[in-house]
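Engineer: The structure that follows is given in the form of structure tokens.
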Amino acid sequence: MIKFGFKYLVLALLVSAALAGPGRAAEPAMIEQLVVTNSASEVLLYGQVKNAFVPEMEEAVRNGLPVTFTFFVELHRRRTGWPDQKIADFSFEHLLVYDSLKEEYRVTHGEKNDRVFTVKSLDEARRLMVRVNGLAVAPLAALAPEQRYTLRIKARLSEKTLPLSFHRIVPFWRLWNFETEWHQVEFRY
């Protein structure tokens, strides 16, 4: 029974890719609405990925395949005449899975200690996947007053999204693949 289900899933994905045509949206995925602010003790980041999902990815999620976005964040203090000083450099993941028995989507935010958000609609699950909301980048104590800083972020659809090297079997997997350009904000503390 499991082999039949797996074969059916592969066949459904191949047919949907063939019927859908090109897998990438007209516009590439990109980071937008990036805002850097602070709380009483930390530098905070807000933003989202635009054009991250294509119809084939949504269909794959509904068929049980997980989707993982990895976000990369860097914070540097700008120094004239010297290399920039790295304050923070880390990554985190957002994972989307669909539970067909409960008919609900679960989105796990790695930056929030693997907090799981459970929603009924794919639209809400997509919003949770692409948004970075109040990410603590670094403690304010790590910043020097009256200095210039650059905060950069980019996102990537992780290949580990597909289990057991499945991305090697499915020929259209590369059509989904994306990595945004670095998007950066400069600010003075």
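Ordering of the structure tokens sets the chain letters (A, B, ...); residue numbers start at 1 within each chain; ligands are numbered from 1 in the order shown.
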Excluding region 70-86 of chain A and any residue of its chain fewer than 4 positions from it, enumerate the residues within 8 Å of it, using only C-alpha atoms, and give them as a VMD selection string.

Structural biologist: chain A and resid 90 to 94 137 143 147 to 158

Engineer: Using C-alpha atoms, can you export the residues from the last selection as an mmCIF file, in the first residue's frame?

Structural biologist:
```
data_model
loop_
_atom_site.group_PDB
_atom_site.id
_atom_site.type_symbol
_atom_site.label_atom_id
_atom_site.label_comp_id
_atom_site.auth_asym_id
_atom_site.auth_seq_id
_atom_site.Cartn_x
_atom_site.Cartn_y
_atom_site.Cartn_z
ATOM 1 C CA PHE A 90 22.909 32.961 11.620
ATOM 2 C CA SER A 91 20.178 31.080 9.800
ATOM 3 C CA PHE A 92 16.785 29.658 10.722
ATOM 4 C CA GLU A 93 14.050 27.679 9.005
ATOM 5 C CA HIS A 94 10.322 27.808 8.385
ATOM 6 C CA VAL A 137 18.955 39.758 15.543
ATOM 7 C CA LEU A 143 26.086 47.817 19.131
ATOM 8 C CA GLN A 147 27.983 53.858 14.384
ATOM 9 C CA ARG A 148 26.676 52.693 10.989
ATOM 10 C CA TYR A 149 25.361 49.157 10.553
ATOM 11 C CA THR A 150 24.229 46.948 7.683
ATOM 12 C CA LEU A 151 21.646 44.213 8.208
ATOM 13 C CA ARG A 152 21.270 41.670 5.369
ATOM 14 C CA ILE A 153 18.801 38.840 4.826
ATOM 15 C CA LYS A 154 18.103 36.311 2.091
ATOM 16 C CA ALA A 155 15.921 33.204 1.793
ATOM 17 C CA ARG A 156 16.295 29.848 0.072
ATOM 18 C CA LEU A 157 13.952 26.949 -0.604
ATOM 19 C CA SER A 158 15.871 24.136 1.033
#
```

Engineer: Could you tell me, as a ChimeraX atom specification, which residues of region 21-187 of chain A DSSP assigns to strand (DSSP E) when given the backbone?

Structural biologist: /A:30-38,42-50,67-77,85-99,104-109,115-119,131-139,148-157,183-187

Engineer: Quick one: of A:Gln184, A:Glu179, A:Ala136, A:Ser121, who's nearest to Asn38 (chain A), counting only C-alpha atoms?

Structural biologist: A:Ala136

Engineer: Could you pull the residues within 10 Å of His109 (chain A), counting only C-alpha atoms, minus those fewer than 5 positions along the same chain, as a list in words?

Structural biologist: Phe69, Phe92, Glu93, His94, Leu95, Leu96, Asp114, Arg115, Val116, Phe117, Leu128, Met129, Arg131 and Val132 of chain A

Engineer: Looking only at helix (DSSP H, G or I) from DSSP on the backbone, list the matching residues of region 31-158 of chain A as a PyMOL selection string.

Structural biologist: chain A and resi 55-62+110-112+122-130+140-142

Engineer: Please write the residues from the selection above to a file, keeping N, CA and C atoms, as a PDB file, in the first residue's frame.

Structural biologist:
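Saved file result_8.pdb follows:
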```
ATOM      1  N   PRO A  55       2.461  27.271  -8.087  1.00  0.00           N
ATOM      2  CA  PRO A  55       1.347  26.322  -7.949  1.00  0.00           C
ATOM      3  C   PRO A  55       1.784  24.876  -7.714  1.00  0.00           C
ATOM      4  N   GLU A  56       2.876  24.451  -8.340  1.00  0.00           N
ATOM      5  CA  GLU A  56       3.337  23.071  -8.158  1.00  0.00           C
ATOM      6  C   GLU A  56       3.766  22.809  -6.718  1.00  0.00           C
ATOM      7  N   MET A  57       4.336  23.807  -6.067  1.00  0.00           N
ATOM      8  CA  MET A  57       4.725  23.646  -4.669  1.00  0.00           C
ATOM      9  C   MET A  57       3.488  23.485  -3.794  1.00  0.00           C
ATOM     10  N   GLU A  58       2.475  24.291  -4.065  1.00  0.00           N
ATOM     11  CA  GLU A  58       1.242  24.206  -3.280  1.00  0.00           C
ATOM     12  C   GLU A  58       0.591  22.842  -3.432  1.00  0.00           C
ATOM     13  N   GLU A  59       0.592  22.327  -4.658  1.00  0.00           N
ATOM     14  CA  GLU A  59       0.015  20.999  -4.909  1.00  0.00           C
ATOM     15  C   GLU A  59       0.833  19.921  -4.197  1.00  0.00           C
ATOM     16  N   ALA A  60       2.148  20.064  -4.211  1.00  0.00           N
ATOM     17  CA  ALA A  60       3.002  19.094  -3.526  1.00  0.00           C
ATOM     18  C   ALA A  60       2.737  19.102  -2.023  1.00  0.00           C
ATOM     19  N   VAL A  61       2.535  20.288  -1.440  1.00  0.00           N
ATOM     20  CA  VAL A  61       2.231  20.383  -0.007  1.00  0.00           C
ATOM     21  C   VAL A  61       0.922  19.667   0.287  1.00  0.00           C
ATOM     22  N   ARG A  62      -0.091  19.902  -0.544  1.00  0.00           N
ATOM     23  CA  ARG A  62      -1.383  19.236  -0.338  1.00  0.00           C
ATOM     24  C   ARG A  62      -1.258  17.711  -0.464  1.00  0.00           C
ATOM     25  N   GLY A 110      11.574  28.204  13.201  1.00  0.00           N
ATOM     26  CA  GLY A 110      12.794  27.871  13.902  1.00  0.00           C
ATOM     27  C   GLY A 110      13.319  28.992  14.777  1.00  0.00           C
ATOM     28  N   GLU A 111      13.101  30.249  14.354  1.00  0.00           N
ATOM     29  CA  GLU A 111      13.608  31.392  15.114  1.00  0.00           C
ATOM     30  C   GLU A 111      12.822  31.624  16.402  1.00  0.00           C
ATOM     31  N   LYS A 112      11.696  30.960  16.540  1.00  0.00           N
ATOM     32  CA  LYS A 112      10.865  31.100  17.740  1.00  0.00           C
ATOM     33  C   LYS A 112      10.850  29.787  18.522  1.00  0.00           C
ATOM     34  N   LEU A 122      -4.490  27.289   3.252  1.00  0.00           N
ATOM     35  CA  LEU A 122      -3.175  27.364   2.628  1.00  0.00           C
ATOM     36  C   LEU A 122      -2.709  28.814   2.529  1.00  0.00           C
ATOM     37  N   ASP A 123      -3.631  29.746   2.324  1.00  0.00           N
ATOM     38  CA  ASP A 123      -3.258  31.165   2.259  1.00  0.00           C
ATOM     39  C   ASP A 123      -2.594  31.618   3.555  1.00  0.00           C
ATOM     40  N   GLU A 124      -3.172  31.257   4.680  1.00  0.00           N
ATOM     41  CA  GLU A 124      -2.591  31.639   5.968  1.00  0.00           C
ATOM     42  C   GLU A 124      -1.257  30.929   6.193  1.00  0.00           C
ATOM     43  N   ALA A 125      -1.163  29.676   5.778  1.00  0.00           N
ATOM     44  CA  ALA A 125       0.099  28.935   5.904  1.00  0.00           C
ATOM     45  C   ALA A 125       1.195  29.596   5.073  1.00  0.00           C
ATOM     46  N   ARG A 126       0.846  30.032   3.860  1.00  0.00           N
ATOM     47  CA  ARG A 126       1.834  30.739   3.012  1.00  0.00           C
ATOM     48  C   ARG A 126       2.307  32.012   3.697  1.00  0.00           C
ATOM     49  N   ARG A 127       1.382  32.786   4.259  1.00  0.00           N
ATOM     50  CA  ARG A 127       1.761  34.031   4.955  1.00  0.00           C
ATOM     51  C   ARG A 127       2.726  33.740   6.108  1.00  0.00           C
ATOM     52  N   LEU A 128       2.432  32.701   6.865  1.00  0.00           N
ATOM     53  CA  LEU A 128       3.317  32.338   7.972  1.00  0.00           C
ATOM     54  C   LEU A 128       4.695  31.894   7.474  1.00  0.00           C
ATOM     55  N   MET A 129       4.734  31.241   6.335  1.00  0.00           N
ATOM     56  CA  MET A 129       6.006  30.758   5.796  1.00  0.00           C
ATOM     57  C   MET A 129       6.913  31.898   5.338  1.00  0.00           C
ATOM     58  N   VAL A 130       6.342  32.920   4.736  1.00  0.00           N
ATOM     59  CA  VAL A 130       7.175  33.945   4.098  1.00  0.00           C
ATOM     60  C   VAL A 130       7.503  35.127   4.991  1.00  0.00           C
ATOM     61  N   LEU A 140      21.101  44.917  21.894  1.00  0.00           N
ATOM     62  CA  LEU A 140      21.546  46.304  21.698  1.00  0.00           C
ATOM     63  C   LEU A 140      22.910  46.544  22.336  1.00  0.00           C
ATOM     64  N   ALA A 141      23.240  45.811  23.378  1.00  0.00           N
ATOM     65  CA  ALA A 141      24.532  45.960  24.047  1.00  0.00           C
ATOM     66  C   ALA A 141      25.701  45.640  23.114  1.00  0.00           C
ATOM     67  N   ALA A 142      25.452  44.879  22.032  1.00  0.00           N
ATOM     68  CA  ALA A 142      26.512  44.538  21.077  1.00  0.00           C
ATOM     69  C   ALA A 142      26.778  45.667  20.082  1.00  0.00           C
TER      70      ALA A 142
END
```

Engineer: With distances taken over only C-alpha atoms, which of A:Lys120, A:Arg106, A:Lys50, A:Val97 is nearest to Pro28 (chain A)?

Structural biologist: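 The closest residue to Pro28 (chain A) is A:Lys50.
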
Engineer: Enter the distance from CA of Tyr46 (chain A) to CA of His183 (chain A), in Å, rounded to one decimal.

Structural biologist: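 Result for CA of Tyr46 (chain A) versus CA of His183 (chain A): 12.2 Å, one decimal.
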
Engineer: Rounded to one decimal, what separation in Å do you get between CA of Tyr105 (chain A) and CA of Leu135 (chain A)?

Structural biologist: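 Separation between CA of Tyr105 (chain A) and CA of Leu135 (chain A): 22.3 Å.
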